[in-house]
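Okay, entry.txt now, which holds compact mmCIF, C-alpha atoms:
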```txt
# COMPACT_ATOMS: atom_id res chain seq x y z
CA MET C 1 -45.17 -116.78 -93.53
CA LEU C 2 -42.68 -119.33 -94.89
CA ILE C 3 -45.40 -121.70 -96.08
CA LYS C 4 -46.46 -119.02 -98.58
CA PHE C 5 -42.80 -118.52 -99.49
CA PHE C 6 -42.55 -122.26 -100.25
CA TYR C 7 -45.60 -122.12 -102.52
CA THR C 8 -44.20 -119.02 -104.24
CA LEU C 9 -41.09 -120.97 -105.18
CA ARG C 10 -43.16 -123.89 -106.44
CA ALA C 11 -45.29 -121.49 -108.51
CA ALA C 12 -42.05 -120.23 -110.09
CA LYS C 13 -41.44 -123.81 -111.37
CA LEU C 14 -38.58 -124.43 -108.94
CA PRO C 15 -38.13 -128.11 -108.02
CA VAL C 16 -38.31 -127.48 -104.27
CA SER C 17 -39.34 -130.48 -102.16
CA VAL C 18 -40.94 -130.62 -98.72
CA ARG C 19 -37.79 -132.30 -97.38
CA GLU C 20 -35.66 -129.35 -98.51
CA PHE C 21 -38.13 -126.90 -97.02
CA LEU C 22 -37.95 -128.75 -93.68
CA SER C 23 -34.16 -128.50 -93.86
CA LEU C 24 -34.53 -124.73 -94.16
CA LEU C 25 -36.79 -124.63 -91.09
CA GLU C 26 -34.35 -126.81 -89.14
CA GLY C 27 -31.52 -124.47 -90.04
CA LEU C 28 -33.49 -121.46 -88.80
CA LYS C 29 -34.42 -123.29 -85.60
CA ALA C 30 -30.80 -124.32 -84.99
CA GLY C 31 -29.65 -120.70 -85.32
CA VAL C 32 -27.50 -121.18 -88.41
CA ILE C 33 -28.04 -117.48 -89.12
CA GLY C 34 -28.32 -114.72 -86.55
CA ALA C 35 -25.73 -116.16 -84.14
CA GLU C 36 -23.99 -112.79 -83.88
CA GLY C 37 -27.10 -110.62 -83.90
CA PRO C 38 -30.53 -110.32 -85.53
CA PRO C 39 -30.54 -112.19 -88.89
CA SER C 40 -30.72 -110.01 -91.97
CA VAL C 41 -32.61 -110.59 -95.20
CA ASP C 42 -29.24 -111.29 -96.83
CA ASP C 43 -28.56 -114.06 -94.30
CA PHE C 44 -31.95 -115.65 -94.95
CA TYR C 45 -31.50 -115.35 -98.72
CA PHE C 46 -28.25 -117.29 -98.73
CA LEU C 47 -29.50 -119.92 -96.28
CA ALA C 48 -32.69 -120.43 -98.32
CA ARG C 49 -30.81 -120.66 -101.60
CA THR C 50 -28.32 -123.15 -100.13
CA THR C 51 -30.99 -125.47 -98.74
CA LEU C 52 -33.66 -125.15 -101.44
CA VAL C 53 -31.78 -124.82 -104.73
CA LYS C 54 -29.68 -127.80 -105.78
CA ASP C 55 -28.82 -126.71 -109.32
CA GLU C 56 -27.19 -123.40 -110.23
CA ALA C 57 -29.33 -123.29 -113.37
CA HIS C 58 -32.27 -122.42 -111.10
CA TYR C 59 -30.59 -119.47 -109.33
CA ASP C 60 -32.21 -116.90 -111.59
CA LYS C 61 -35.70 -118.34 -111.02
CA PHE C 62 -35.04 -118.37 -107.29
CA ASP C 63 -33.89 -114.73 -107.29
CA ARG C 64 -37.01 -113.59 -109.14
CA ALA C 65 -39.35 -115.58 -106.90
CA PHE C 66 -37.57 -114.33 -103.77
CA SER C 67 -37.82 -110.75 -105.00
CA ALA C 68 -41.52 -111.10 -105.87
CA TYR C 69 -42.35 -112.55 -102.46
CA PHE C 70 -40.53 -110.00 -100.35
CA LYS C 71 -41.66 -107.11 -102.60
CA GLY C 72 -38.82 -104.61 -102.69
CA VAL C 73 -36.84 -105.70 -99.65
CA ASP C 74 -33.15 -105.28 -100.33
CA LEU C 75 -32.52 -108.93 -101.13
CA LEU C 76 -28.95 -109.43 -102.08
CA THR C 77 -25.62 -108.18 -100.94
CA ASP C 78 -25.29 -104.38 -101.00
CA PHE C 79 -23.01 -103.95 -103.96
CA SER C 80 -22.87 -100.16 -103.46
CA LYS C 81 -21.70 -100.30 -99.84
CA ASP C 82 -19.31 -97.37 -100.27
CA VAL C 83 -22.26 -95.17 -101.27
CA PRO C 84 -24.85 -94.55 -98.48
CA LEU C 85 -28.20 -95.89 -99.66
CA GLU C 86 -29.98 -92.81 -98.32
CA TRP C 87 -28.22 -90.76 -100.98
CA LEU C 88 -29.90 -92.90 -103.64
CA ARG C 89 -33.45 -93.09 -102.27
CA LYS C 90 -35.77 -92.47 -105.21
CA HIS C 91 -38.34 -89.67 -105.07
CA LEU C 92 -38.48 -88.65 -108.71
CA GLU C 93 -37.12 -89.39 -112.15
CA LEU C 94 -35.94 -86.43 -114.16
CA GLU C 95 -37.43 -85.96 -117.62
CA LEU C 96 -35.98 -83.23 -119.78
CA SER C 97 -36.75 -81.85 -123.19
CA PRO C 98 -34.23 -82.44 -126.02
CA GLU C 99 -33.20 -78.77 -125.78
CA GLN C 100 -32.53 -79.06 -122.05
CA LYS C 101 -30.54 -82.26 -122.56
CA ALA C 102 -28.40 -80.60 -125.22
CA ALA C 103 -27.58 -77.75 -122.81
CA ILE C 104 -26.04 -80.09 -120.21
CA GLU C 105 -22.29 -80.33 -120.57
CA LYS C 106 -20.49 -83.64 -120.37
CA MET C 107 -17.08 -84.30 -118.88
CA GLY C 108 -14.16 -86.12 -120.44
CA TRP C 109 -13.01 -89.46 -119.04
CA ASN C 110 -10.20 -88.21 -116.80
CA GLU C 111 -12.23 -85.28 -115.51
CA LEU C 112 -15.18 -87.58 -114.75
CA MET C 113 -13.08 -89.99 -112.66
CA GLU C 114 -11.25 -87.25 -110.81
CA THR C 115 -14.46 -85.40 -110.04
CA LEU C 116 -16.12 -88.55 -108.64
CA LYS C 117 -13.16 -89.01 -106.30
CA LYS C 118 -13.57 -85.45 -105.03
CA ARG C 119 -17.32 -85.88 -104.51
CA PHE C 120 -16.71 -88.89 -102.27
CA GLU C 121 -14.29 -86.83 -100.21
CA GLU C 122 -16.59 -83.80 -99.92
CA GLN C 123 -20.18 -85.10 -99.77
CA LYS C 124 -21.73 -85.68 -96.34
CA GLU C 125 -25.48 -85.98 -96.98
CA ARG C 126 -28.18 -86.95 -99.47
CA HIS C 127 -28.91 -84.70 -102.47
CA GLU C 128 -31.74 -84.67 -104.98
CA GLY C 129 -32.35 -82.75 -108.17
CA GLY C 130 -28.98 -81.03 -108.33
CA SER C 131 -26.18 -80.85 -110.87
CA LYS C 132 -23.14 -81.55 -108.69
CA TRP C 133 -23.45 -84.16 -105.95
CA ILE C 134 -24.06 -87.92 -105.94
CA GLY C 135 -27.85 -88.16 -105.77
CA THR C 136 -31.09 -88.73 -107.62
CA GLY C 137 -33.31 -86.97 -110.12
CA GLY C 138 -30.82 -84.32 -111.17
CA THR C 139 -28.33 -83.53 -113.91
CA SER C 140 -25.25 -84.56 -111.97
CA PRO C 141 -23.06 -87.14 -113.73
CA PHE C 142 -23.12 -89.28 -110.56
CA GLY C 143 -26.27 -90.97 -109.27
CA ALA C 144 -29.60 -92.38 -110.38
CA TYR C 145 -32.91 -91.51 -112.10
CA GLY C 146 -31.68 -88.23 -113.54
CA TYR C 147 -30.02 -87.31 -116.81
CA ASN C 148 -26.48 -86.61 -117.91
CA PRO C 149 -25.08 -87.29 -121.38
CA GLN C 150 -22.05 -89.03 -119.87
CA GLY C 151 -21.80 -90.16 -116.28
CA ILE C 152 -21.51 -92.98 -113.74
CA ARG C 153 -24.77 -94.73 -112.84
CA ILE C 154 -25.01 -95.51 -109.12
CA GLY C 155 -27.87 -97.37 -107.47
CA GLN C 156 -30.34 -97.45 -110.38
CA ASP C 157 -32.11 -100.72 -111.14
CA LYS C 158 -31.56 -100.57 -114.92
CA SER C 159 -30.47 -98.33 -117.75
CA ARG C 160 -32.83 -95.53 -118.84
CA ASN C 161 -30.86 -93.32 -121.24
CA ARG C 162 -27.96 -95.66 -122.12
CA SER C 163 -25.42 -92.91 -121.55
CA ALA C 164 -23.50 -94.13 -118.48
CA VAL C 165 -19.79 -94.78 -119.04
CA LYS C 166 -19.51 -96.81 -115.82
CA VAL C 167 -21.97 -98.60 -113.55
CA TRP C 168 -21.15 -98.60 -109.83
CA ASP C 169 -23.36 -101.56 -108.90
CA GLN C 170 -22.28 -105.14 -109.49
CA ARG C 171 -25.02 -106.89 -111.46
CA ALA C 172 -26.05 -110.53 -111.63
CA TYR C 173 -26.48 -111.79 -115.18
CA LYS C 174 -28.38 -114.87 -116.29
CA ASP C 175 -26.84 -117.53 -118.52
CA TYR C 176 -28.55 -117.91 -121.89
CA ASP C 177 -30.77 -120.98 -122.01
CA ASP C 178 -29.43 -123.41 -124.63
CA ASN C 179 -32.44 -125.72 -124.23
CA LEU C 180 -35.01 -123.17 -125.36
CA GLU C 181 -37.64 -124.72 -127.63
CA LEU C 182 -37.43 -122.85 -130.91
CA GLY C 183 -40.60 -121.50 -132.39
CA THR C 184 -39.13 -121.49 -135.90
CA ARG C 185 -36.59 -123.48 -137.89
CA ASN C 186 -35.33 -120.44 -139.76
CA ILE C 187 -32.27 -119.89 -137.57
CA LYS C 188 -31.25 -123.54 -137.86
CA VAL C 189 -31.65 -123.43 -141.61
CA ALA C 190 -29.48 -120.32 -141.84
CA LEU C 191 -26.75 -121.75 -139.60
CA ARG C 192 -26.77 -125.01 -141.54
CA ARG C 193 -25.16 -123.18 -144.46
CA LEU C 194 -21.92 -123.17 -142.49
CA ARG C 195 -21.78 -126.90 -141.81
CA ARG C 196 -19.17 -128.93 -143.65
CA PHE C 197 -19.18 -132.72 -143.51
CA ALA C 198 -16.23 -135.08 -143.98
CA ARG C 199 -15.99 -138.86 -143.85
CA GLU C 200 -13.62 -140.23 -141.21
CA GLY C 201 -13.20 -143.16 -138.85
CA SER C 202 -14.03 -146.84 -139.35
CA GLU C 203 -16.38 -148.09 -142.04
CA LEU C 204 -19.73 -147.94 -140.31
CA GLU C 205 -22.21 -146.81 -142.97
CA LEU C 206 -23.66 -148.68 -145.92
CA ASP C 207 -22.73 -147.19 -149.27
CA LEU C 208 -25.98 -148.03 -151.04
CA ASP C 209 -25.07 -146.74 -154.50
CA ASP C 210 -21.71 -148.54 -154.60
CA THR C 211 -23.30 -151.73 -153.19
CA ILE C 212 -25.89 -151.78 -156.01
CA HIS C 213 -23.23 -151.10 -158.63
CA LYS C 214 -20.86 -153.83 -157.37
CA THR C 215 -23.70 -156.34 -156.91
CA ALA C 216 -24.86 -155.79 -160.50
CA ALA C 217 -21.32 -156.12 -161.77
CA ASN C 218 -20.99 -159.39 -159.81
CA ALA C 219 -23.88 -161.06 -161.65
CA GLY C 220 -26.31 -160.45 -158.84
CA MET C 221 -24.15 -161.81 -156.04
CA LEU C 222 -24.53 -159.42 -153.10
CA ASP C 223 -21.39 -157.33 -152.65
CA ILE C 224 -21.87 -155.03 -149.64
CA ARG C 225 -19.79 -151.86 -149.63
CA MET C 226 -19.18 -149.78 -146.47
CA ILE C 227 -17.88 -146.24 -146.07
CA PRO C 228 -16.73 -144.19 -143.04
CA GLU C 229 -19.38 -142.26 -141.15
CA ARG C 230 -19.86 -138.61 -141.98
CA HIS C 231 -18.96 -136.10 -139.26
CA ASN C 232 -19.61 -132.39 -138.91
CA LYS C 233 -16.17 -130.81 -139.13
CA VAL C 234 -17.03 -127.13 -138.55
CA LYS C 235 -15.62 -125.66 -135.33
CA VAL C 236 -17.32 -122.58 -133.88
CA LEU C 237 -16.16 -120.25 -131.11
CA LEU C 238 -19.16 -118.23 -129.89
CA LEU C 239 -18.63 -115.11 -127.73
CA MET C 240 -21.89 -113.65 -126.42
CA ASP C 241 -22.56 -110.28 -124.81
CA VAL C 242 -24.78 -110.56 -121.72
CA GLY C 243 -26.45 -108.11 -119.33
CA GLY C 244 -27.30 -104.43 -119.60
CA THR C 245 -28.87 -103.48 -122.92
CA MET C 246 -28.67 -107.12 -124.04
CA ASP C 247 -31.52 -107.92 -121.64
CA GLU C 248 -33.89 -106.65 -124.34
CA HIS C 249 -32.65 -109.35 -126.72
CA ILE C 250 -32.49 -112.39 -124.41
CA HIS C 251 -35.17 -114.42 -126.19
CA ARG C 252 -33.69 -113.99 -129.68
CA VAL C 253 -30.15 -114.70 -128.51
CA GLU C 254 -31.36 -117.82 -126.70
CA GLU C 255 -32.95 -118.98 -129.96
CA LEU C 256 -29.64 -118.44 -131.74
CA PHE C 257 -27.71 -120.20 -128.95
CA SER C 258 -30.07 -123.19 -129.00
CA ALA C 259 -29.83 -123.49 -132.78
CA ALA C 260 -26.02 -123.24 -132.70
CA LYS C 261 -25.74 -126.03 -130.12
CA ALA C 262 -28.00 -128.22 -132.23
CA GLU C 263 -26.19 -127.58 -135.51
CA PHE C 264 -22.50 -127.50 -134.54
CA LYS C 265 -20.92 -130.51 -132.87
CA HIS C 266 -17.71 -128.61 -132.15
CA LEU C 267 -19.03 -125.50 -130.38
CA GLU C 268 -17.24 -123.57 -127.65
CA PHE C 269 -18.96 -120.58 -126.05
CA PHE C 270 -18.07 -117.83 -123.57
CA TYR C 271 -19.71 -114.67 -122.24
CA PHE C 272 -18.51 -111.08 -122.08
CA HIS C 273 -20.17 -107.78 -121.15
CA ASN C 274 -20.32 -105.00 -123.75
CA CYS C 275 -16.77 -105.50 -125.07
CA VAL C 276 -14.21 -108.27 -124.79
CA TYR C 277 -11.26 -107.53 -122.49
CA ASP C 278 -8.59 -109.72 -120.88
CA PHE C 279 -11.01 -112.39 -119.63
CA VAL C 280 -14.31 -114.05 -120.53
CA TRP C 281 -16.39 -116.59 -118.61
CA LYS C 282 -18.67 -119.63 -118.89
CA ASN C 283 -20.94 -119.08 -115.88
CA ASN C 284 -22.44 -115.67 -115.25
CA ARG C 285 -22.92 -116.36 -111.55
CA ARG C 286 -19.18 -116.90 -111.21
CA ARG C 287 -17.86 -114.49 -113.78
CA PHE C 288 -15.34 -112.93 -111.38
CA ALA C 289 -14.41 -116.19 -109.62
CA GLU C 290 -14.04 -118.47 -112.67
CA LYS C 291 -12.47 -116.36 -115.37
CA THR C 292 -10.97 -117.63 -118.60
CA SER C 293 -8.09 -115.56 -119.91
CA THR C 294 -8.63 -114.22 -123.41
CA TRP C 295 -5.01 -115.05 -124.11
CA ASP C 296 -5.79 -118.68 -123.20
CA ILE C 297 -8.67 -118.64 -125.71
CA ILE C 298 -6.30 -117.41 -128.42
CA ARG C 299 -3.67 -120.04 -127.56
CA LYS C 300 -6.02 -123.00 -127.04
CA TYR C 301 -8.22 -122.88 -130.14
CA ASN C 302 -6.83 -123.30 -133.64
CA ARG C 303 -7.18 -120.83 -136.46
CA ASP C 304 -9.71 -123.12 -138.14
CA TYR C 305 -12.35 -122.11 -135.58
CA LYS C 306 -15.02 -119.74 -136.90
CA LEU C 307 -15.31 -116.84 -134.44
CA ILE C 308 -18.81 -115.40 -133.95
CA PHE C 309 -19.48 -112.42 -131.67
CA VAL C 310 -23.08 -111.83 -130.58
CA GLY C 311 -23.82 -108.42 -129.08
CA ASP C 312 -25.66 -105.16 -129.65
CA ALA C 313 -22.37 -103.15 -129.63
CA THR C 314 -24.21 -100.49 -127.61
CA MET C 315 -21.92 -98.95 -125.01
CA SER C 316 -19.86 -95.90 -124.21
CA PRO C 317 -17.04 -95.37 -126.75
CA TYR C 318 -14.70 -95.30 -123.74
CA GLU C 319 -15.40 -99.01 -123.23
CA ILE C 320 -13.85 -99.70 -126.62
CA LEU C 321 -11.06 -97.14 -126.82
CA GLN C 322 -10.00 -96.33 -123.26
CA PRO C 323 -7.90 -98.38 -120.80
CA GLY C 324 -10.04 -98.52 -117.65
CA GLY C 325 -13.12 -97.88 -119.76
CA SER C 326 -15.01 -101.04 -118.78
CA VAL C 327 -18.17 -100.32 -116.80
CA GLU C 328 -17.32 -103.13 -114.38
CA TYR C 329 -13.60 -102.99 -113.64
CA ASN C 330 -10.38 -101.23 -114.57
CA ASN C 331 -9.15 -103.00 -117.68
CA GLU C 332 -5.46 -102.39 -118.35
CA GLU C 333 -5.85 -102.46 -122.13
CA ALA C 334 -8.58 -101.02 -124.31
CA GLY C 335 -11.27 -103.33 -125.67
CA ALA C 336 -10.21 -102.45 -129.23
CA GLU C 337 -6.84 -104.11 -128.59
CA TRP C 338 -8.50 -107.38 -127.61
CA LEU C 339 -10.93 -107.35 -130.52
CA GLN C 340 -8.04 -106.90 -132.94
CA ARG C 341 -6.10 -109.75 -131.32
CA LEU C 342 -9.08 -112.08 -131.63
CA ALA C 343 -9.65 -111.08 -135.26
CA ASN C 344 -5.97 -111.79 -136.04
CA ALA C 345 -6.09 -115.14 -134.23
CA PHE C 346 -9.26 -116.32 -135.99
CA PRO C 347 -9.28 -115.00 -139.58
CA LYS C 348 -12.85 -116.15 -140.22
CA TYR C 349 -15.00 -114.05 -137.91
CA ALA C 350 -18.27 -112.12 -137.87
CA TRP C 351 -20.35 -110.04 -135.46
CA ILE C 352 -24.11 -110.72 -135.10
CA ASN C 353 -26.05 -107.70 -133.80
CA PRO C 354 -29.60 -108.19 -132.43
CA GLU C 355 -30.32 -104.45 -132.63
CA PRO C 356 -32.36 -103.37 -135.69
CA GLN C 357 -29.99 -102.34 -138.44
CA GLY C 358 -31.82 -99.04 -138.85
CA VAL C 359 -30.54 -97.72 -135.49
CA TRP C 360 -26.89 -98.66 -136.01
CA GLN C 361 -26.07 -95.31 -137.58
CA TYR C 362 -27.16 -93.49 -134.41
CA ARG C 363 -24.79 -95.41 -132.12
CA GLN C 364 -21.20 -94.24 -132.10
CA SER C 365 -20.05 -97.49 -130.48
CA VAL C 366 -21.64 -99.57 -133.26
CA ALA C 367 -19.64 -97.63 -135.86
CA LEU C 368 -16.44 -98.27 -133.87
CA ILE C 369 -17.12 -102.02 -133.61
CA GLN C 370 -17.97 -102.18 -137.32
CA GLN C 371 -14.65 -100.52 -138.11
CA LEU C 372 -12.73 -102.95 -135.87
CA MET C 373 -14.61 -105.88 -137.43
CA HIS C 374 -13.83 -104.60 -140.96
CA GLN C 375 -17.58 -104.19 -141.62
CA ARG C 376 -18.28 -107.85 -140.80
CA MET C 377 -21.35 -107.01 -138.72
CA PHE C 378 -24.69 -108.61 -139.59
CA PRO C 379 -28.18 -108.18 -138.10
CA LEU C 380 -29.80 -111.05 -136.19
CA SER C 381 -32.26 -111.77 -138.97
CA LEU C 382 -32.62 -114.59 -141.49
CA ALA C 383 -30.91 -112.57 -144.22
CA GLY C 384 -28.24 -111.37 -141.81
CA LEU C 385 -27.43 -114.88 -140.58
CA GLU C 386 -27.28 -116.19 -144.13
CA GLY C 387 -24.87 -113.40 -145.02
CA ALA C 388 -22.66 -114.14 -142.01
CA MET C 389 -22.62 -117.88 -142.69
CA ARG C 390 -21.79 -117.27 -146.35
CA LEU C 391 -18.84 -115.09 -145.30
CA LEU C 392 -17.57 -117.61 -142.73
CA SER C 393 -17.80 -120.54 -145.14
CA LYS C 394 -15.49 -118.98 -147.75
```
Please go through the file and, once you have read it, give me the structure as structure tokens.
Amino acid sequence: MLIKFFYTLRAAKLPVSVREFLSLLEGLKAGVIGAEGPPSVDDFYFLARTTLVKDEAHYDKFDRAFSAYFKGVDLLTDFSKDVPLEWLRKHLELELSPEQKAAIEKMGWNELMETLKKRFEEQKERHEGGSKWIGTGGTSPFGAYGYNPQGIRIGQDKSRNRSAVKVWDQRAYKDYDDNLELGTRNIKVALRRLRRFAREGSELELDLDDTIHKTAANAGMLDIRMIPERHNKVKVLLLMDVGGTMDEHIHRVEELFSAAKAEFKHLEFFYFHNCVYDFVWKNNRRRFAEKTSTWDIIRKYNRDYKLIFVGDATMSPYEILQPGGSVEYNNEEAGAEWLQRLANAFPKYAWINPEPQGVWQYRQSVALIQQLMHQRMFPLSLAGLEGAMRLLSK
């Protein structure tokens, strides 16, 4: 069985050696897992990842290969442990007509949270197709694979209707690949409009024009003239949305990220999810363990940094306007407060949106972000990038 698992990892382009695979077998034989009872899939997952994967950059490849091999086995830690999995077992996905969707009432924020608390206290068994309990395939605001214009998604593998105001499950996001080979130079060309060069340091470069002029003036006697080396002086602070609806735009954002790292010598980047709150992070695998305070970002980087947000701005309006509105945790201050602080700290800022500009008008959250950004939102297109770089270079 594990021989095929080894070849599955190799087929996924993971640099797994025979020596590492033998270490995994030795660990199993020595009873590293299962000492207190039958080993679980979770136990094997973590042991295999520890022995076989030596670089965190390969965690995402490992997760996908592991998932493909074990075909639907619950691989990772149960992030919804307070919700019995039987309640969320999928039998059907609810599809409604536009008229039926319009007839379903939505709750306000406070009512939604209070009602969820009551459901936990009252519910004792699995439900399906209803409008009240935590379950599947219904119109309840709590559960999976159904429909409600405003609810809390629990136990569903990904977004379907983009209407959840909170997501119960903790999700693993993948870092954007900054080494992606670009298929076009257009993004680099657009970003290059922002670069500003200045000469500084010791005299390291030959000034050919001045050397020719001085040599001619010196009756042909060579008079070599040197000038300081030119350096790229532009400083960029890049904040990128990751996970959720941004999964649809991974390739284009990776192209932008790769181009930015190639063009800007002074580039600092961080991740956020949907909206910026009191912390951001560098590593998506450790986003709750290795946080960077947004206040520290504001204090550390000077006002001469160009601030660029990259995100689709597609979320519940609560995530922008409401304390506690984040889909992942209870933020003490609204996202709008943090966006305004960042805009005040870095006067030259812009928001790059990978969503087609034609759909912006149908997203209430996009209109809110545009208002907070003082209409400095640009599409992730050649014309959009040129417009953003032109604005930032003024």
For Gln364 in chain C: contacts at 12 Å, only C-alpha atoms, fewer than 4 positions along chain excluded, given as number ranges by chain
C: 163, 313-321, 359-360, 368-371
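Separating CA of Asp241 in chain C from CA of Val310 in chain C is a distance of 6.0 Å.
Between CA of Ala383 in chain C and CA of Leu194 in chain C lies a distance of 14.0 Å.
Residues with at least one atom no more than 12 Å from (-33.5, -130.0, -98.6), using all atoms listed in the file, are Pro15, Val16, Ser17, Val18, Arg19, Glu20, Phe21, Leu22, Ser23, Leu24, Leu25, Glu26, Gly27, Leu47, Ala48, Arg49, Thr50, Thr51, Leu52, Val53 and Lys54 of chain C.
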Could you write those residues out with C-alpha atoms, as a PDB file, in the frame of the given file?
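Now in result19.pdb:
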```
ATOM      1  CA  PRO C  15     -38.130-128.110-108.020  1.00  0.00           C
ATOM      2  CA  VAL C  16     -38.310-127.480-104.270  1.00  0.00           C
ATOM      3  CA  SER C  17     -39.340-130.480-102.160  1.00  0.00           C
ATOM      4  CA  VAL C  18     -40.940-130.620 -98.720  1.00  0.00           C
ATOM      5  CA  ARG C  19     -37.790-132.300 -97.380  1.00  0.00           C
ATOM      6  CA  GLU C  20     -35.660-129.350 -98.510  1.00  0.00           C
ATOM      7  CA  PHE C  21     -38.130-126.900 -97.020  1.00  0.00           C
ATOM      8  CA  LEU C  22     -37.950-128.750 -93.680  1.00  0.00           C
ATOM      9  CA  SER C  23     -34.160-128.500 -93.860  1.00  0.00           C
ATOM     10  CA  LEU C  24     -34.530-124.730 -94.160  1.00  0.00           C
ATOM     11  CA  LEU C  25     -36.790-124.630 -91.090  1.00  0.00           C
ATOM     12  CA  GLU C  26     -34.350-126.810 -89.140  1.00  0.00           C
ATOM     13  CA  GLY C  27     -31.520-124.470 -90.040  1.00  0.00           C
ATOM     14  CA  LEU C  47     -29.500-119.920 -96.280  1.00  0.00           C
ATOM     15  CA  ALA C  48     -32.690-120.430 -98.320  1.00  0.00           C
ATOM     16  CA  ARG C  49     -30.810-120.660-101.600  1.00  0.00           C
ATOM     17  CA  THR C  50     -28.320-123.150-100.130  1.00  0.00           C
ATOM     18  CA  THR C  51     -30.990-125.470 -98.740  1.00  0.00           C
ATOM     19  CA  LEU C  52     -33.660-125.150-101.440  1.00  0.00           C
ATOM     20  CA  VAL C  53     -31.780-124.820-104.730  1.00  0.00           C
ATOM     21  CA  LYS C  54     -29.680-127.800-105.780  1.00  0.00           C
TER      22      LYS C  54
END
```
Identify, on the basis of all atoms listed in the file, every residue whose closest approach to range 329-339 of chain C does not exceed 8 Å; exclude the query and any residue fewer than 6 positions from it along the same chain; express the result as a count of residues only.
11
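Computed from the coordinates, the CA of Met246 in chain C to CA of Arg64 in chain C distance equals 18.3 Å.
Across C:Met389, C:Ile212, C:Leu238, C:Ala57, the tightest approach to Arg285 in chain C is made by C:Ala57 when counting all atoms listed in the file.
Using only C-alpha atoms, the smallest distance between any of C:Asp296, C:Glu56, C:Asp312, C:Glu263 and Leu191 in chain C comes from C:Glu263.
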Where does range 231-250 of chain C meet range 266-272 of chain C within 10 Å, residue by residue, with the nearest atom pair and distance in Å to one decimal for each, counting all atoms listed in the file, listed by chain and rising number, as CSV?
```
residue,atom,partner,partner_atom,distance
C:Asn232,CA,C:His266,CA,8.0
C:Lys233,CA,C:His266,CA,7.5
C:Val234,CA,C:His266,CA,6.6
C:Lys235,CA,C:His266,CA,4.8
C:Val236,CA,C:Leu267,CA,4.9
C:Leu237,CA,C:Glu268,CA,4.9
C:Leu238,CA,C:Phe269,CA,4.5
C:Leu239,CA,C:Phe270,CA,5.0
C:Met240,CA,C:Tyr271,CA,4.8
C:Asp241,CA,C:Phe272,CA,4.9
C:Val242,CA,C:Phe272,CA,6.3
C:Gly243,CA,C:Phe272,CA,8.9
```
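Of the residues listed (C:His213, C:Pro347, C:Leu206, C:Arg286), C:Leu206 shows the shortest atom-to-atom separation from Arg225 in chain C; distances use all atoms listed in the file.
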Please enclose the listed atoms of range 17-33 of chain C in an axis-aligned box, pad each side by 5 Å, and write out the centre and the three edge lengths in Å, rounded to one decimal, as lines of an AutoDock Vina configuration file.
```
center_x = -34.2
center_y = -124.9
center_z = -93.6
size_x = 23.4
size_y = 24.8
size_z = 27.2
```
